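With compact mmCIF, C-alpha atoms inside, this is coords27.txt:
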# COMPACT_ATOMS: atom_id res chain seq x y z
CA MET A 5 -42.36 -51.89 -164.76
CA THR A 6 -40.07 -52.86 -161.85
CA ALA A 7 -42.00 -50.62 -159.44
CA ARG A 8 -45.21 -52.32 -160.54
CA ARG A 9 -43.66 -55.73 -159.97
CA ARG A 10 -42.65 -54.81 -156.42
CA THR A 11 -45.88 -53.09 -155.44
CA ARG A 12 -48.03 -56.11 -156.12
CA PRO A 13 -46.42 -58.54 -153.61
CA THR A 14 -46.42 -55.77 -151.00
CA LEU A 15 -50.12 -55.24 -151.54
CA ILE A 16 -50.80 -58.98 -151.37
CA ALA A 17 -48.76 -59.27 -148.15
CA ALA A 18 -50.63 -56.34 -146.60
CA VAL A 19 -53.99 -57.89 -147.50
CA VAL A 20 -52.96 -61.29 -146.07
CA VAL A 21 -51.67 -59.78 -142.80
CA GLY A 22 -54.82 -57.66 -142.53
CA ALA A 23 -57.04 -60.70 -143.10
CA VAL A 24 -55.17 -62.71 -140.43
CA VAL A 25 -55.46 -59.89 -137.89
CA ALA A 26 -59.17 -59.48 -138.67
CA LEU A 27 -59.69 -63.24 -138.27
CA LEU A 28 -57.94 -63.20 -134.88
CA VAL A 29 -60.03 -60.27 -133.68
CA VAL A 30 -63.23 -62.07 -134.71
CA LEU A 31 -62.12 -65.30 -133.01
CA LEU A 32 -61.13 -63.53 -129.79
CA ALA A 33 -64.34 -61.54 -129.72
CA THR A 34 -66.64 -64.48 -130.30
CA ARG A 35 -65.03 -67.39 -128.40
CA ASP A 36 -66.28 -68.58 -125.03
CA PRO A 37 -64.19 -66.71 -122.41
CA SER A 38 -64.62 -69.42 -119.78
CA GLY A 39 -62.29 -71.78 -121.64
CA ASP A 40 -62.77 -75.31 -122.80
CA LYS A 41 -63.72 -76.91 -119.51
CA PRO A 42 -65.87 -75.86 -116.56
CA SER A 43 -63.93 -74.90 -113.44
CA SER A 44 -64.99 -75.48 -109.88
CA ALA A 45 -65.96 -71.84 -109.70
CA ASN A 46 -68.84 -73.17 -111.80
CA LEU A 47 -69.37 -76.21 -109.60
CA VAL A 48 -72.81 -74.87 -108.75
CA GLY A 49 -75.37 -76.84 -110.72
CA GLN A 50 -73.05 -79.82 -111.11
CA ARG A 51 -72.90 -83.11 -109.26
CA ALA A 52 -70.87 -82.76 -106.05
CA PRO A 53 -67.39 -84.27 -106.24
CA ALA A 54 -66.59 -87.08 -103.84
CA VAL A 55 -65.13 -86.23 -100.47
CA GLY A 56 -62.11 -88.45 -99.99
CA GLY A 57 -59.58 -88.63 -97.22
CA ASP A 58 -59.75 -90.31 -93.84
CA VAL A 59 -62.52 -89.60 -91.38
CA ILE A 60 -60.80 -88.11 -88.33
CA LEU A 61 -63.94 -87.36 -86.34
CA GLY A 62 -67.51 -88.68 -86.35
CA GLN A 63 -68.95 -91.43 -88.49
CA THR A 64 -68.04 -92.45 -92.01
CA PHE A 65 -70.20 -90.61 -94.50
CA ASP A 66 -70.82 -91.07 -98.21
CA LEU A 67 -71.89 -87.82 -99.78
CA GLY A 68 -73.10 -89.57 -102.92
CA ALA A 69 -75.53 -91.72 -100.95
CA SER A 70 -76.97 -88.95 -98.81
CA ASP A 71 -80.67 -88.12 -99.03
CA ARG A 72 -80.35 -84.92 -96.98
CA TRP A 73 -79.12 -81.41 -97.58
CA VAL A 74 -75.40 -81.35 -96.82
CA VAL A 75 -73.23 -78.39 -95.93
CA VAL A 76 -69.67 -79.25 -96.97
CA ASN A 77 -67.48 -76.93 -94.95
CA PHE A 78 -63.75 -76.43 -95.60
CA PHE A 79 -61.99 -75.04 -92.55
CA ALA A 80 -58.84 -74.82 -90.45
CA THR A 81 -58.47 -74.02 -86.78
CA TRP A 82 -55.82 -71.40 -87.55
CA CYS A 83 -58.40 -69.45 -89.55
CA VAL A 84 -60.17 -66.78 -87.48
CA PRO A 85 -63.39 -66.59 -89.61
CA CYS A 86 -63.59 -70.40 -89.31
CA ILE A 87 -63.45 -70.11 -85.53
CA LYS A 88 -66.19 -67.47 -85.67
CA GLU A 89 -68.52 -69.56 -87.86
CA HIS A 90 -68.08 -72.72 -85.79
CA PRO A 91 -70.89 -71.95 -83.26
CA GLU A 92 -73.22 -71.25 -86.22
CA LEU A 93 -72.43 -74.62 -87.76
CA ARG A 94 -72.87 -76.27 -84.38
CA SER A 95 -76.35 -74.80 -83.87
CA PHE A 96 -77.30 -75.60 -87.50
CA SER A 97 -76.17 -79.20 -87.00
CA VAL A 98 -78.08 -79.60 -83.73
CA ALA A 99 -81.25 -78.05 -85.17
CA HIS A 100 -81.26 -80.26 -88.26
CA GLU A 101 -80.28 -83.40 -86.41
CA GLU A 102 -83.74 -83.21 -84.87
CA THR A 103 -85.55 -82.68 -88.18
CA GLY A 104 -83.25 -85.06 -90.07
CA ASP A 105 -83.27 -83.02 -93.28
CA ALA A 106 -79.74 -81.58 -93.28
CA ARG A 107 -76.28 -82.15 -91.91
CA VAL A 108 -72.79 -80.74 -91.86
CA ILE A 109 -69.54 -82.36 -92.88
CA SER A 110 -66.19 -80.62 -92.58
CA VAL A 111 -62.97 -81.02 -94.51
CA VAL A 112 -59.73 -79.95 -92.88
CA TYR A 113 -57.70 -77.51 -94.93
CA ASP A 114 -54.02 -78.24 -94.48
CA GLN A 115 -53.75 -79.11 -90.82
CA ASP A 116 -52.61 -81.87 -88.48
CA PRO A 117 -55.62 -84.11 -87.63
CA ASP A 118 -54.60 -84.33 -83.97
CA VAL A 119 -54.82 -80.56 -83.61
CA VAL A 120 -58.29 -80.63 -85.18
CA ARG A 121 -59.53 -83.42 -82.88
CA GLU A 122 -58.31 -81.53 -79.84
CA TRP A 123 -59.92 -78.33 -81.07
CA PHE A 124 -63.32 -80.05 -81.63
CA GLU A 125 -63.13 -81.52 -78.12
CA ARG A 126 -62.76 -78.03 -76.72
CA ASN A 127 -65.26 -76.25 -79.01
CA GLY A 128 -67.91 -78.91 -79.60
CA GLY A 129 -69.36 -80.30 -82.82
CA ASP A 130 -70.02 -83.96 -83.50
CA TRP A 131 -70.35 -84.08 -87.25
CA THR A 132 -68.10 -85.97 -89.62
CA VAL A 133 -64.71 -84.38 -90.23
CA PHE A 134 -62.42 -85.54 -93.04
CA ASP A 135 -58.71 -84.88 -93.19
CA SER A 136 -57.31 -82.81 -96.03
CA ASP A 137 -56.09 -85.82 -98.04
CA GLU A 138 -52.97 -83.75 -98.80
CA GLY A 139 -55.10 -81.10 -100.45
CA ARG A 140 -56.81 -83.43 -102.95
CA THR A 141 -60.36 -82.79 -101.71
CA ALA A 142 -59.93 -79.01 -101.72
CA PHE A 143 -58.53 -79.32 -105.24
CA GLU A 144 -61.53 -81.36 -106.44
CA TRP A 145 -63.87 -78.71 -105.06
CA GLY A 146 -61.73 -75.83 -106.33
CA VAL A 147 -61.25 -74.37 -102.88
CA THR A 148 -58.69 -71.56 -102.70
CA GLY A 149 -59.07 -70.48 -99.08
CA VAL A 150 -61.05 -70.98 -95.89
CA PRO A 151 -63.71 -70.81 -94.73
CA GLU A 152 -65.54 -71.96 -97.81
CA SER A 153 -68.76 -73.99 -97.83
CA TYR A 154 -70.95 -75.68 -100.39
CA LEU A 155 -74.61 -76.52 -100.03
CA VAL A 156 -75.42 -79.86 -101.67
CA ALA A 157 -79.04 -80.76 -102.37
CA PRO A 158 -80.46 -84.23 -101.55
CA THR A 159 -80.15 -84.94 -105.30
CA GLY A 160 -76.35 -84.65 -104.99
CA VAL A 161 -76.18 -81.39 -106.94
CA VAL A 162 -74.24 -78.40 -105.59
CA VAL A 163 -76.68 -75.50 -105.31
CA GLU A 164 -74.60 -72.83 -103.60
CA ARG A 165 -70.99 -71.89 -102.98
CA ILE A 166 -70.40 -69.70 -99.92
CA VAL A 167 -67.01 -68.01 -99.70
CA GLY A 168 -66.43 -66.81 -96.13
CA GLY A 169 -68.19 -67.66 -92.91
CA VAL A 170 -71.75 -68.97 -92.73
CA THR A 171 -74.56 -68.40 -90.25
CA GLN A 172 -77.37 -70.75 -89.30
CA PRO A 173 -80.13 -68.37 -90.49
CA TYR A 174 -78.42 -67.94 -93.86
CA LEU A 175 -78.08 -71.71 -94.37
CA ASP A 176 -81.72 -72.24 -93.38
CA GLN A 177 -82.78 -69.54 -95.82
CA LEU A 178 -80.87 -71.20 -98.63
CA ILE A 179 -82.38 -74.60 -97.92
CA GLU A 180 -85.84 -73.11 -97.79
CA ALA A 181 -85.30 -71.25 -101.04
CA TYR A 182 -83.88 -74.24 -102.92
CA SER A 183 -86.44 -76.67 -101.44
CA GLY A 184 -89.07 -74.84 -103.46
CA SER A 185 -87.11 -75.27 -106.68
CA ASP A 186 -86.21 -78.46 -108.55
CA SER A 187 -82.70 -78.83 -107.11
CA MET B 16 -23.53 -68.79 -165.08
CA THR B 17 -22.51 -68.19 -161.47
CA SER B 18 -19.02 -67.12 -160.51
CA PRO B 19 -16.82 -69.35 -158.29
CA ALA B 20 -17.18 -66.80 -155.46
CA ALA B 21 -20.97 -66.96 -155.64
CA SER B 22 -20.89 -70.77 -155.64
CA ARG B 23 -18.55 -70.78 -152.65
CA ARG B 24 -20.90 -68.40 -150.83
CA LYS B 25 -23.87 -70.66 -151.54
CA VAL B 26 -21.99 -73.69 -150.24
CA LEU B 27 -21.07 -71.82 -147.05
CA TRP B 28 -24.68 -70.74 -146.48
CA GLY B 29 -25.81 -74.31 -147.06
CA LEU B 30 -23.27 -75.60 -144.55
CA LEU B 31 -24.35 -72.99 -142.00
CA ALA B 32 -28.02 -73.96 -142.45
CA MET B 33 -27.14 -77.64 -142.01
CA VAL B 34 -25.20 -76.91 -138.80
CA VAL B 35 -28.08 -74.84 -137.36
CA VAL B 36 -30.74 -77.44 -138.24
CA GLY B 37 -28.51 -80.25 -136.96
CA ALA B 38 -27.80 -78.49 -133.66
CA LEU B 39 -31.49 -77.69 -133.10
CA THR B 40 -32.54 -81.26 -133.94
CA PHE B 41 -29.87 -82.76 -131.68
CA GLY B 42 -30.71 -80.38 -128.84
CA THR B 43 -34.43 -81.13 -129.12
CA LEU B 44 -34.30 -84.89 -129.50
CA ASN B 45 -31.37 -85.71 -127.26
CA GLN B 46 -32.81 -84.53 -123.97
CA GLY B 47 -33.70 -87.94 -122.58
CA GLU B 48 -36.74 -88.77 -120.48
CA PRO B 49 -37.06 -86.42 -117.47
CA SER B 50 -37.62 -87.97 -114.05
CA GLU B 51 -41.11 -87.76 -112.50
CA GLY B 52 -39.84 -85.19 -110.00
CA ALA B 53 -38.37 -83.03 -112.75
CA ARG B 54 -41.60 -83.29 -114.73
CA ALA B 55 -43.66 -82.32 -111.69
CA ARG B 56 -41.36 -79.38 -110.98
CA ALA B 57 -41.56 -78.20 -114.59
CA LEU B 58 -45.36 -78.43 -114.53
CA GLU B 59 -45.55 -76.58 -111.22
CA GLU B 60 -43.66 -73.72 -112.80
CA THR B 61 -46.29 -73.39 -115.53
CA ILE B 62 -49.28 -73.29 -113.16
CA ARG B 63 -50.20 -70.33 -111.00
CA CYS B 64 -50.89 -70.75 -107.30
CA PRO B 65 -54.73 -70.55 -107.13
CA GLN B 66 -54.66 -68.69 -103.83
CA CYS B 67 -51.95 -66.07 -104.29
CA ARG B 68 -52.19 -65.34 -108.03
CA SER B 69 -48.75 -63.76 -108.37
CA GLN B 70 -46.66 -66.89 -107.87
CA SER B 71 -46.40 -70.24 -109.53
CA VAL B 72 -47.21 -73.45 -107.66
CA ALA B 73 -43.46 -74.14 -107.57
CA GLN B 74 -42.79 -70.83 -105.81
CA SER B 75 -45.71 -70.87 -103.39
CA ASP B 76 -46.09 -72.65 -100.06
CA THR B 77 -49.82 -72.03 -99.66
CA PRO B 78 -52.16 -74.97 -98.94
CA SER B 79 -53.83 -74.71 -102.34
CA ALA B 80 -50.44 -74.74 -104.12
CA ARG B 81 -49.43 -77.82 -102.12
CA GLY B 82 -52.76 -79.42 -103.08
CA VAL B 83 -52.10 -78.75 -106.77
CA SER B 84 -48.60 -80.15 -106.34
CA THR B 85 -50.01 -83.36 -104.81
CA VAL B 86 -52.49 -83.72 -107.65
CA ILE B 87 -49.78 -83.15 -110.29
CA ARG B 88 -47.72 -85.97 -108.78
CA ASP B 89 -50.80 -88.22 -108.63
CA GLN B 90 -51.52 -87.53 -112.28
CA ILE B 91 -47.92 -88.19 -113.37
CA ALA B 92 -47.99 -91.49 -111.49
CA ALA B 93 -51.26 -92.31 -113.29
CA GLY B 94 -49.49 -91.87 -116.64
CA ARG B 95 -51.15 -88.64 -117.78
CA THR B 96 -49.42 -86.36 -120.26
CA ASP B 97 -48.36 -82.84 -119.33
CA GLU B 98 -51.17 -81.36 -121.39
CA GLU B 99 -53.76 -83.64 -119.75
CA ILE B 100 -52.48 -82.66 -116.30
CA ARG B 101 -52.63 -78.96 -117.08
CA ASP B 102 -56.19 -79.43 -118.37
CA PHE B 103 -57.08 -81.32 -115.20
CA VAL B 104 -55.79 -78.51 -112.98
CA ALA B 105 -57.67 -76.00 -115.14
CA SER B 106 -60.85 -78.03 -114.67
CA SER B 107 -60.69 -77.23 -110.96
CA TYR B 108 -59.39 -73.69 -110.91
CA GLY B 109 -60.11 -72.36 -114.39
CA ARG B 110 -57.76 -71.83 -117.31
CA GLU B 111 -56.53 -68.55 -115.82
CA VAL B 112 -54.21 -70.56 -113.54
CA LEU B 113 -52.24 -71.73 -116.56
CA LEU B 114 -49.19 -69.49 -116.88
CA GLU B 115 -48.34 -70.84 -120.31
CA PRO B 116 -51.02 -71.07 -122.96
CA SER B 117 -51.97 -74.51 -124.16
CA GLY B 118 -50.14 -75.90 -127.17
CA SER B 119 -53.36 -77.02 -128.82
CA GLY B 120 -56.63 -75.44 -129.87
CA PHE B 121 -57.02 -71.71 -130.16
CA SER B 122 -54.31 -71.01 -127.55
CA GLY B 123 -51.86 -72.91 -129.74
CA LEU B 124 -51.87 -69.89 -132.05
CA VAL B 125 -49.74 -68.09 -129.47
CA TRP B 126 -46.95 -70.57 -130.20
CA ALA B 127 -47.57 -71.07 -133.90
CA LEU B 128 -48.07 -67.48 -135.02
CA PRO B 129 -44.58 -66.15 -134.18
CA VAL B 130 -43.00 -69.07 -136.07
CA VAL B 131 -45.29 -68.50 -139.05
CA MET B 132 -44.55 -64.77 -139.00
CA ILE B 133 -40.79 -65.40 -138.92
CA VAL B 134 -41.03 -67.81 -141.85
CA VAL B 135 -43.18 -65.34 -143.79
CA ALA B 136 -40.82 -62.46 -142.97
CA VAL B 137 -37.73 -64.43 -144.05
CA ALA B 138 -39.50 -65.54 -147.22
CA GLY B 139 -40.45 -61.93 -147.93
CA LEU B 140 -36.89 -60.76 -147.42
CA VAL B 141 -35.52 -63.49 -149.67
CA TYR B 142 -38.11 -62.65 -152.32
CA ARG B 143 -37.38 -58.95 -152.14
CA PHE B 144 -33.60 -59.03 -151.81
CA GLY B 145 -32.73 -62.45 -153.25
CA ASP B 146 -31.33 -61.04 -156.45
CA TRP B 147 -29.66 -58.08 -154.81
CA ARG B 148 -25.92 -57.67 -155.38
CA PRO B 149 -23.54 -54.96 -154.21
CA ALA B 150 -23.15 -52.19 -156.83
CA THR B 151 -20.03 -52.82 -158.92
CA THR B 152 -18.21 -50.75 -161.52
CA SER B 153 -17.07 -52.78 -164.50
CA VAL B 154 -14.28 -51.54 -166.72
CA THR B 155 -15.38 -51.38 -170.32
CA ALA B 156 -13.29 -51.43 -173.48
CA ALA B 157 -14.11 -47.76 -173.94
CA ASP B 158 -12.62 -47.00 -170.55
CA ARG B 159 -9.45 -48.89 -171.41
CA SER B 160 -9.04 -47.09 -174.72
CA LEU B 161 -9.64 -43.79 -172.97
CA VAL B 162 -6.87 -44.48 -170.49
CA ALA B 163 -4.54 -45.74 -173.22
CA ALA B 164 -5.16 -42.60 -175.26
CA ALA B 165 -4.49 -40.42 -172.26
CA LEU B 166 -1.26 -42.24 -171.51
CA ASN B 167 -0.16 -41.96 -175.13
CA ALA B 168 -0.90 -38.27 -175.15
CA GLN B 169 1.10 -37.89 -171.96
CA ASP B 170 4.12 -39.81 -173.35
CA GLY B 171 4.12 -38.16 -176.79
CA GLY B 172 3.15 -34.60 -175.93
CA GLY B 173 5.13 -34.08 -172.76
CA GLY B 174 2.02 -33.91 -170.76
CA SER B 175 0.27 -31.30 -172.93
CA ASN B 176 -2.88 -31.88 -174.89
CA ASP B 177 -2.64 -30.37 -178.37
CA GLY B 178 -6.15 -31.11 -179.31
CA THR B 179 -5.31 -33.59 -182.07
CA ASN B 180 -6.48 -36.51 -180.06
CA ASP B 181 -10.20 -37.23 -180.17
CA ALA B 182 -10.15 -38.75 -176.79
CA PRO B 183 -11.32 -36.52 -173.99
CA GLU B 184 -8.78 -35.30 -171.53
CA ALA B 185 -7.89 -38.01 -169.10
CA ASP B 186 -8.50 -37.44 -165.47
CA ASP B 187 -5.29 -37.27 -163.42
CA SER B 188 -6.60 -39.68 -160.85
CA MET B 189 -7.45 -42.26 -163.51
CA ALA B 190 -3.98 -42.13 -165.01
CA ALA B 191 -2.19 -42.14 -161.71
CA ASP B 192 -4.28 -44.82 -160.05
CA PRO B 193 -2.57 -48.19 -160.41
CA ASP B 194 -5.77 -49.91 -159.26
CA ALA B 195 -8.01 -48.27 -161.84
CA ASP B 196 -8.40 -51.61 -163.49
CA ARG B 197 -9.74 -53.26 -160.40
CA VAL B 198 -13.35 -53.82 -159.66
Let me see the file written as structure tokens.
Amino acid sequence: MTARRRTRPTLIAAVVVGAVVALLVVLLATRDPSGDKPSSANLVGQRAPAVGGDVILGQTFDLGASDRWVVVNFFATWCVPCIKEHPELRSFSVAHEETGDARVISVVYDQDPDVVREWFERNGGDWTVFDSDEGRTAFEWGVTGVPESYLVAPTGVVVERIVGGVTQPYLDQLIEAYSGSDS
Amino acid sequence: MTSPAASRRKVLWGLLAMVVVGALTFGTLNQGEPSEGARARALEETIRCPQCRSQSVAQSDTPSARGVSTVIRDQIAAGRTDEEIRDFVASSYGREVLLEPSGSGFSGLVWALPVVMIVVAVAGLVYRFGDWRPATTSVTAADRSLVAAALNAQDGGGGSNDGTNDAPEADDSMAADPDADRV
């Protein structure tokens, strides 16, 4: 009789624990792995965040009011791939200044603005350059390293994230490809 | 009816429980409001550096970690709660940068389940062993008469048993043990 009395709660406990474990497995297997909110890794397809910070070179520019394709380039002059991609950005900027359909803006990634100004004087480039705003802009865009660029459509939607250096032909290809779609 | 010893034990357990609950309550509620710097530091320790992955924002000196640090301080100044700030950082870099799981939603199970399991385990132990007592040997009237008969036989018969006594032969250790009466 006593053995029967003790077996029953043990069985009930085992069933309850088993049910809880099964429930957890089902929840873990079926929930969305990306979490509750979209991250900037998924910025593509979303409206481009604002680019804050002071303009340290070129003219003031409002990304939200732009009617052109915009390459938002995060860079630093201590970054070798950034130095390598700079001539490509320069030729892209010059080429599209004539057609008026695209432009480049750069955001400094953790660097003294004076050093950047001096570097642009030596290496050319007359597009708008924003300071890092103490890392706020890179945070908004989810940037984790440089060089990193985003292609923003005239509609204000981010269509491509490019981690690493860019080339003019690659940027032109992207614009051509996305111009045909409904970006 | 419970014995005085059992009642005393219950009172002591009750007092111990009150001291533990009181100490935990006092320790939890009497921490005061942390300064903004302390809050920021504590938050930085719960968020991974987006760039280096193996260090927290508090430990890292990378640009992205400094950016997160700036944003955390901005958010604290704006009156956001710790949970809101952690969510905000996750909205830029994904939930994988959170070193501690969220206290709400599905992740909250990580905090709640161990507590629930402990409560269930303690309840199970109390249920199973609540009525358990150490094994005791009680001295019955039959035992006493047995000892008395043995002693009488010893006194009257010079230590020999002539077989006239119905009582079984007393064990030497029982007769010689002055504590035989003790439980």
Residues of chain B that approach chain A to 12 Å or less, counting only C-alpha atoms: could you list each one with the shortest pair of atoms and its distance in Å to one decimal, rows by chain and increasing residue number, as a Markdown table?
| residue | atom | partner | partner_atom | distance |
| --- | --- | --- | --- | --- |
| B:Arg63 | CA | A:Thr148 | CA | 11.9 |
| B:Cys64 | CA | A:Thr148 | CA | 9.1 |
| B:Pro65 | CA | A:Thr148 | CA | 6.0 |
| B:Gln66 | CA | A:Thr148 | CA | 5.1 |
| B:Cys67 | CA | A:Thr148 | CA | 8.8 |
| B:Arg68 | CA | A:Thr148 | CA | 10.5 |
| B:Asp76 | CA | A:Asp114 | CA | 11.2 |
| B:Thr77 | CA | A:Asp114 | CA | 9.1 |
| B:Pro78 | CA | A:Asp114 | CA | 5.8 |
| B:Ser79 | CA | A:Thr148 | CA | 5.8 |
| B:Ala80 | CA | A:Gly139 | CA | 8.7 |
| B:Arg81 | CA | A:Gly139 | CA | 6.8 |
| B:Gly82 | CA | A:Gly139 | CA | 3.9 |
| B:Val83 | CA | A:Phe143 | CA | 6.6 |
| B:Ser84 | CA | A:Gly139 | CA | 8.8 |
| B:Thr85 | CA | A:Glu138 | CA | 6.7 |
| B:Val86 | CA | A:Arg140 | CA | 6.4 |
| B:Ile87 | CA | A:Arg140 | CA | 10.2 |
| B:Arg88 | CA | A:Arg140 | CA | 11.1 |
| B:Asp89 | CA | A:Arg140 | CA | 9.6 |
| B:Gln90 | CA | A:Arg140 | CA | 11.5 |
| B:Arg101 | CA | A:Lys41 | CA | 11.5 |
| B:Asp102 | CA | A:Lys41 | CA | 8.0 |
| B:Phe103 | CA | A:Lys41 | CA | 9.1 |
| B:Val104 | CA | A:Phe143 | CA | 8.3 |
| B:Ala105 | CA | A:Ser43 | CA | 6.6 |
| B:Ser106 | CA | A:Ser43 | CA | 4.6 |
| B:Ser107 | CA | A:Ser43 | CA | 4.7 |
| B:Tyr108 | CA | A:Ser43 | CA | 5.3 |
| B:Gly109 | CA | A:Ser43 | CA | 4.7 |
| B:Arg110 | CA | A:Gly39 | CA | 6.3 |
| B:Glu111 | CA | A:Gly39 | CA | 8.8 |
| B:Val112 | CA | A:Ser43 | CA | 10.6 |
| B:Leu113 | CA | A:Gly39 | CA | 11.3 |
| B:Pro116 | CA | A:Gly39 | CA | 11.4 |
| B:Ser117 | CA | A:Asp40 | CA | 10.9 |
| B:Ser119 | CA | A:Asp40 | CA | 11.3 |
| B:Gly120 | CA | A:Asp40 | CA | 9.4 |
| B:Phe121 | CA | A:Leu31 | CA | 8.7 |
| B:Ser122 | CA | A:Gly39 | CA | 10.0 |
| B:Leu124 | CA | A:Leu28 | CA | 9.5 |
| B:Val125 | CA | A:Leu28 | CA | 11.0 |
| B:Leu128 | CA | A:Val24 | CA | 10.1 |
| B:Val131 | CA | A:Val21 | CA | 11.4 |
| B:Met132 | CA | A:Val21 | CA | 9.5 |
| B:Val135 | CA | A:Ala17 | CA | 9.3 |
| B:Ala136 | CA | A:Ala17 | CA | 10.0 |
| B:Ala138 | CA | A:Ala17 | CA | 11.2 |
| B:Gly139 | CA | A:Ala17 | CA | 8.7 |
| B:Leu140 | CA | A:Thr14 | CA | 11.3 |
| B:Tyr142 | CA | A:Pro13 | CA | 9.4 |
| B:Arg143 | CA | A:Arg10 | CA | 8.0 |
| B:Phe144 | CA | A:Arg10 | CA | 11.0 |
Write a file of the selected residues as an mmCIF file, keeping the file's coordinate frame, keeping C-alpha atoms.
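Result file follows (selection-v3.cif):
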data_model
loop_
_atom_site.group_PDB
_atom_site.id
_atom_site.type_symbol
_atom_site.label_atom_id
_atom_site.label_comp_id
_atom_site.auth_asym_id
_atom_site.auth_seq_id
_atom_site.Cartn_x
_atom_site.Cartn_y
_atom_site.Cartn_z
ATOM 1 C CA ARG B 63 -50.200 -70.330 -111.000
ATOM 2 C CA CYS B 64 -50.890 -70.750 -107.300
ATOM 3 C CA PRO B 65 -54.730 -70.550 -107.130
ATOM 4 C CA GLN B 66 -54.660 -68.690 -103.830
ATOM 5 C CA CYS B 67 -51.950 -66.070 -104.290
ATOM 6 C CA ARG B 68 -52.190 -65.340 -108.030
ATOM 7 C CA ASP B 76 -46.090 -72.650 -100.060
ATOM 8 C CA THR B 77 -49.820 -72.030 -99.660
ATOM 9 C CA PRO B 78 -52.160 -74.970 -98.940
ATOM 10 C CA SER B 79 -53.830 -74.710 -102.340
ATOM 11 C CA ALA B 80 -50.440 -74.740 -104.120
ATOM 12 C CA ARG B 81 -49.430 -77.820 -102.120
ATOM 13 C CA GLY B 82 -52.760 -79.420 -103.080
ATOM 14 C CA VAL B 83 -52.100 -78.750 -106.770
ATOM 15 C CA SER B 84 -48.600 -80.150 -106.340
ATOM 16 C CA THR B 85 -50.010 -83.360 -104.810
ATOM 17 C CA VAL B 86 -52.490 -83.720 -107.650
ATOM 18 C CA ILE B 87 -49.780 -83.150 -110.290
ATOM 19 C CA ARG B 88 -47.720 -85.970 -108.780
ATOM 20 C CA ASP B 89 -50.800 -88.220 -108.630
ATOM 21 C CA GLN B 90 -51.520 -87.530 -112.280
ATOM 22 C CA ARG B 101 -52.630 -78.960 -117.080
ATOM 23 C CA ASP B 102 -56.190 -79.430 -118.370
ATOM 24 C CA PHE B 103 -57.080 -81.320 -115.200
ATOM 25 C CA VAL B 104 -55.790 -78.510 -112.980
ATOM 26 C CA ALA B 105 -57.670 -76.000 -115.140
ATOM 27 C CA SER B 106 -60.850 -78.030 -114.670
ATOM 28 C CA SER B 107 -60.690 -77.230 -110.960
ATOM 29 C CA TYR B 108 -59.390 -73.690 -110.910
ATOM 30 C CA GLY B 109 -60.110 -72.360 -114.390
ATOM 31 C CA ARG B 110 -57.760 -71.830 -117.310
ATOM 32 C CA GLU B 111 -56.530 -68.550 -115.820
ATOM 33 C CA VAL B 112 -54.210 -70.560 -113.540
ATOM 34 C CA LEU B 113 -52.240 -71.730 -116.560
ATOM 35 C CA PRO B 116 -51.020 -71.070 -122.960
ATOM 36 C CA SER B 117 -51.970 -74.510 -124.160
ATOM 37 C CA SER B 119 -53.360 -77.020 -128.820
ATOM 38 C CA GLY B 120 -56.630 -75.440 -129.870
ATOM 39 C CA PHE B 121 -57.020 -71.710 -130.160
ATOM 40 C CA SER B 122 -54.310 -71.010 -127.550
ATOM 41 C CA LEU B 124 -51.870 -69.890 -132.050
ATOM 42 C CA VAL B 125 -49.740 -68.090 -129.470
ATOM 43 C CA LEU B 128 -48.070 -67.480 -135.020
ATOM 44 C CA VAL B 131 -45.290 -68.500 -139.050
ATOM 45 C CA MET B 132 -44.550 -64.770 -139.000
ATOM 46 C CA VAL B 135 -43.180 -65.340 -143.790
ATOM 47 C CA ALA B 136 -40.820 -62.460 -142.970
ATOM 48 C CA ALA B 138 -39.500 -65.540 -147.220
ATOM 49 C CA GLY B 139 -40.450 -61.930 -147.930
ATOM 50 C CA LEU B 140 -36.890 -60.760 -147.420
ATOM 51 C CA TYR B 142 -38.110 -62.650 -152.320
ATOM 52 C CA ARG B 143 -37.380 -58.950 -152.140
ATOM 53 C CA PHE B 144 -33.600 -59.030 -151.810
#
Mind checking which residues fall within 9 Å of Val76 (chain A), counting only C-alpha atoms, ignoring those fewer than 2 positions away in the same chain, and posting them as a ChimeraX atom specification?
/A:74,78,107-111,152-156
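Among the candidate residues A:Pro158, A:Pro85, A:Gly62, A:Gly184, the one lying nearest to Gly129 (chain A) is A:Gly62, with distances computed using all atoms listed in the file.
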Contacts of Tyr182 (chain A) at 12 Å or less, counting all atoms listed in the file, minus same-chain residues fewer than 2 places along, as a compact mmCIF listing (two decimals) with C-alpha atoms, in the frame of the given file?
# COMPACT_ATOMS: atom_id res chain seq x y z
CA GLY A 49 -75.37 -76.84 -110.72
CA TRP A 73 -79.12 -81.41 -97.58
CA LEU A 155 -74.61 -76.52 -100.03
CA VAL A 156 -75.42 -79.86 -101.67
CA ALA A 157 -79.04 -80.76 -102.37
CA PRO A 158 -80.46 -84.23 -101.55
CA THR A 159 -80.15 -84.94 -105.30
CA VAL A 161 -76.18 -81.39 -106.94
CA VAL A 162 -74.24 -78.40 -105.59
CA VAL A 163 -76.68 -75.50 -105.31
CA GLU A 164 -74.60 -72.83 -103.60
CA LEU A 175 -78.08 -71.71 -94.37
CA ASP A 176 -81.72 -72.24 -93.38
CA GLN A 177 -82.78 -69.54 -95.82
CA LEU A 178 -80.87 -71.20 -98.63
CA ILE A 179 -82.38 -74.60 -97.92
CA GLU A 180 -85.84 -73.11 -97.79
CA GLY A 184 -89.07 -74.84 -103.46
CA SER A 185 -87.11 -75.27 -106.68
CA ASP A 186 -86.21 -78.46 -108.55
CA SER A 187 -82.70 -78.83 -107.11
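A straight line drawn from CA of Val36 (chain B) to CA of Arg148 (chain B) is 26.6 Å long.
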